[in-house]
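Engineer: Encoded as structure tokens, here's the structure I'll be asking about.
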Amino acid sequence: MKKIGSSAEIVSWAPPEWFCNSFPLEAPDQRVMTMERLIALLQALLDLTSEADYTPLQKVLHVSHILVTMQGDDGLWPAEFDLITAAPLSDKRSDAPLALFQRLNTMLASCEFEHSLRCAQAKRRSL
């Protein structure tokens with residue numbers, strides 16, 4: 001178990017055969033995740049990164065790269081999804097990963113997530 005903040009606790013990581021492999025789990029039998037909760041967990045995990053320990057950053061980057069593949073043509077992500085298949089569980093959409101992607105770009109002095117950010121911004125402008 002990894003306590004990350006006052007209310008967040010990661011008890012395990014999704015198994016490698018799942019589409020959402022290595023995503024943080026708050027319960028051993030968890031199969032569903034909301035995008036808002038996932039991003040809150042990742043932001044809290046990212047807060048634990050230090051010069052002495054880059055492991056939290058590596059975990060967040062891994063999940064973030066999978067999130068890039070889950071971005072829809074509308075520039076958004078499923079608000080709730082199945083961790084095994086990444087299938088959306090409702091029609092609701094989320095822009096929650098954008099703040100995480102912006103933070104990662106800033107932290108790393110990188111443009112690694114710029115494509116996802118631009119895609120979301122372009123779709124917002126076209127509405």
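Labeling convention for the structure tokens: chains A, B, ... as they appear, residues from 1 per chain, ligands from 1 in order of appearance.
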Go through range 6-113 of chain A and collect every residue that DSSP, computed from the backbone, puts in strand (DSSP E or B); the answer should be as a PyMOL selection string.

Structural biologist: chain A and resi 9-10+12-13+24-25+32-34+77-78+80-82+88+93-94

Engineer: Just write the chosen residues, C-alpha atoms, as a compact mmCIF listing (two decimals), in the first residue's frame.

Structural biologist:
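Written file, selection.txt:
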# COMPACT_ATOMS: atom_id res chain seq x y z
CA GLU A 9 -4.18 5.22 -1.10
CA ILE A 10 -2.87 3.01 -3.85
CA SER A 12 -2.03 -2.19 -6.08
CA TRP A 13 -1.34 -1.63 -9.76
CA PRO A 24 -3.06 2.75 -9.77
CA LEU A 25 -5.78 0.76 -8.00
CA VAL A 32 -13.63 0.74 -13.08
CA MET A 33 -12.02 4.16 -12.82
CA THR A 34 -13.21 7.71 -13.30
CA TRP A 77 -11.31 11.29 -22.63
CA PRO A 78 -13.98 8.96 -21.25
CA GLU A 80 -15.48 6.65 -16.61
CA PHE A 81 -13.85 3.59 -18.14
CA ASP A 82 -13.14 -0.09 -17.75
CA PRO A 88 -15.91 4.05 -21.92
CA ARG A 93 -16.36 13.05 -21.46
CA SER A 94 -13.53 14.58 -19.44

Engineer: For each of A:Arg31, A:Lys59, A:Arg103, A:Arg118, take the minimum atom-to-atom distance to Leu76 in chain A, counting only C-alpha atoms, then give the residue where this is smallest.

Structural biologist: A:Arg118

Engineer: Give me the residues near Asp95 in chain A as an NGL selection string, where near means some atom within 12 Å (using only C-alpha atoms) and where sequence neighbours in that chain fewer than 4 positions away do not count.

Structural biologist: :A and (34-36 or 39 or 67-68 or 70-72 or 74-80 or 99-102 or 116-117 or 119-121 or 123-124)

Engineer: How would the residues just picked look written out with C-alpha atoms as a tab-separated table (two decimals), in the first residue's frame?

Structural biologist:
chain	number	residue	atom	x	y	z
A	34	THR	CA	-13.21	7.71	-13.30
A	35	MET	CA	-10.85	10.00	-15.15
A	36	GLU	CA	-11.16	12.64	-12.42
A	39	ILE	CA	-5.83	12.23	-12.47
A	67	LEU	CA	-3.92	8.15	-21.65
A	68	VAL	CA	-2.69	9.74	-24.88
A	70	MET	CA	-7.37	6.99	-25.00
A	71	GLN	CA	-7.96	10.57	-26.17
A	72	GLY	CA	-10.98	10.66	-28.46
A	74	ASP	CA	-13.32	15.12	-29.77
A	75	GLY	CA	-10.07	15.87	-27.90
A	76	LEU	CA	-11.48	14.49	-24.65
A	77	TRP	CA	-11.31	11.29	-22.63
A	78	PRO	CA	-13.98	8.96	-21.25
A	79	ALA	CA	-15.19	10.23	-17.87
A	80	GLU	CA	-15.48	6.65	-16.61
A	99	ALA	CA	-3.82	19.73	-16.33
A	100	LEU	CA	-1.59	16.69	-15.76
A	101	PHE	CA	-0.14	16.92	-19.27
A	102	GLN	CA	0.58	20.63	-18.82
A	116	SER	CA	-2.79	16.04	-26.95
A	117	LEU	CA	-3.06	19.52	-25.50
A	119	CYS	CA	-5.90	18.56	-30.08
A	120	ALA	CA	-8.12	19.31	-27.08
A	121	GLN	CA	-7.77	23.08	-27.56
A	123	LYS	CA	-11.68	20.84	-30.63
A	124	ARG	CA	-12.85	23.35	-28.00

Engineer: Which residues are near Met107 in chain A? Cut-off 12 Å, only C-alpha atoms, ignore same chain within fewer than 5 positions. Put them as a VMD selection string.

Structural biologist: chain A and resid 46 to 47 49 to 50 57 61 100 to 102 112 to 113

Engineer: Could you write out that same residue set with N, CA and C atoms as a compact mmCIF listing (two decimals), in the first residue's frame?

Structural biologist:
# COMPACT_ATOMS: atom_id res chain seq x y z
N LEU A 46 2.66 12.29 -8.38
CA LEU A 46 3.67 13.18 -8.93
C LEU A 46 4.26 14.09 -7.85
N ASP A 47 3.45 14.46 -6.88
CA ASP A 47 3.94 15.28 -5.76
C ASP A 47 5.05 14.59 -4.97
N THR A 49 7.52 12.89 -6.26
CA THR A 49 8.76 12.85 -7.01
C THR A 49 9.79 13.79 -6.39
N SER A 50 11.01 13.30 -6.31
CA SER A 50 12.10 14.11 -5.77
C SER A 50 13.37 13.80 -6.56
N LEU A 57 7.46 9.67 -10.77
CA LEU A 57 7.40 10.30 -12.09
C LEU A 57 7.34 9.26 -13.19
N LEU A 61 4.34 8.93 -15.88
CA LEU A 61 4.62 9.01 -17.32
C LEU A 61 4.07 7.78 -18.05
N LEU A 100 -2.73 17.57 -16.00
CA LEU A 100 -1.59 16.69 -15.76
C LEU A 100 -0.57 16.81 -16.88
N PHE A 101 -1.05 16.81 -18.12
CA PHE A 101 -0.14 16.92 -19.27
C PHE A 101 0.61 18.25 -19.26
N GLN A 102 -0.09 19.32 -18.91
CA GLN A 102 0.58 20.63 -18.82
C GLN A 102 1.64 20.61 -17.72
N GLU A 112 6.34 16.95 -24.78
CA GLU A 112 5.92 15.56 -25.00
C GLU A 112 4.41 15.40 -25.16
N PHE A 113 3.63 16.16 -24.43
CA PHE A 113 2.17 16.01 -24.47
C PHE A 113 1.50 17.15 -25.23
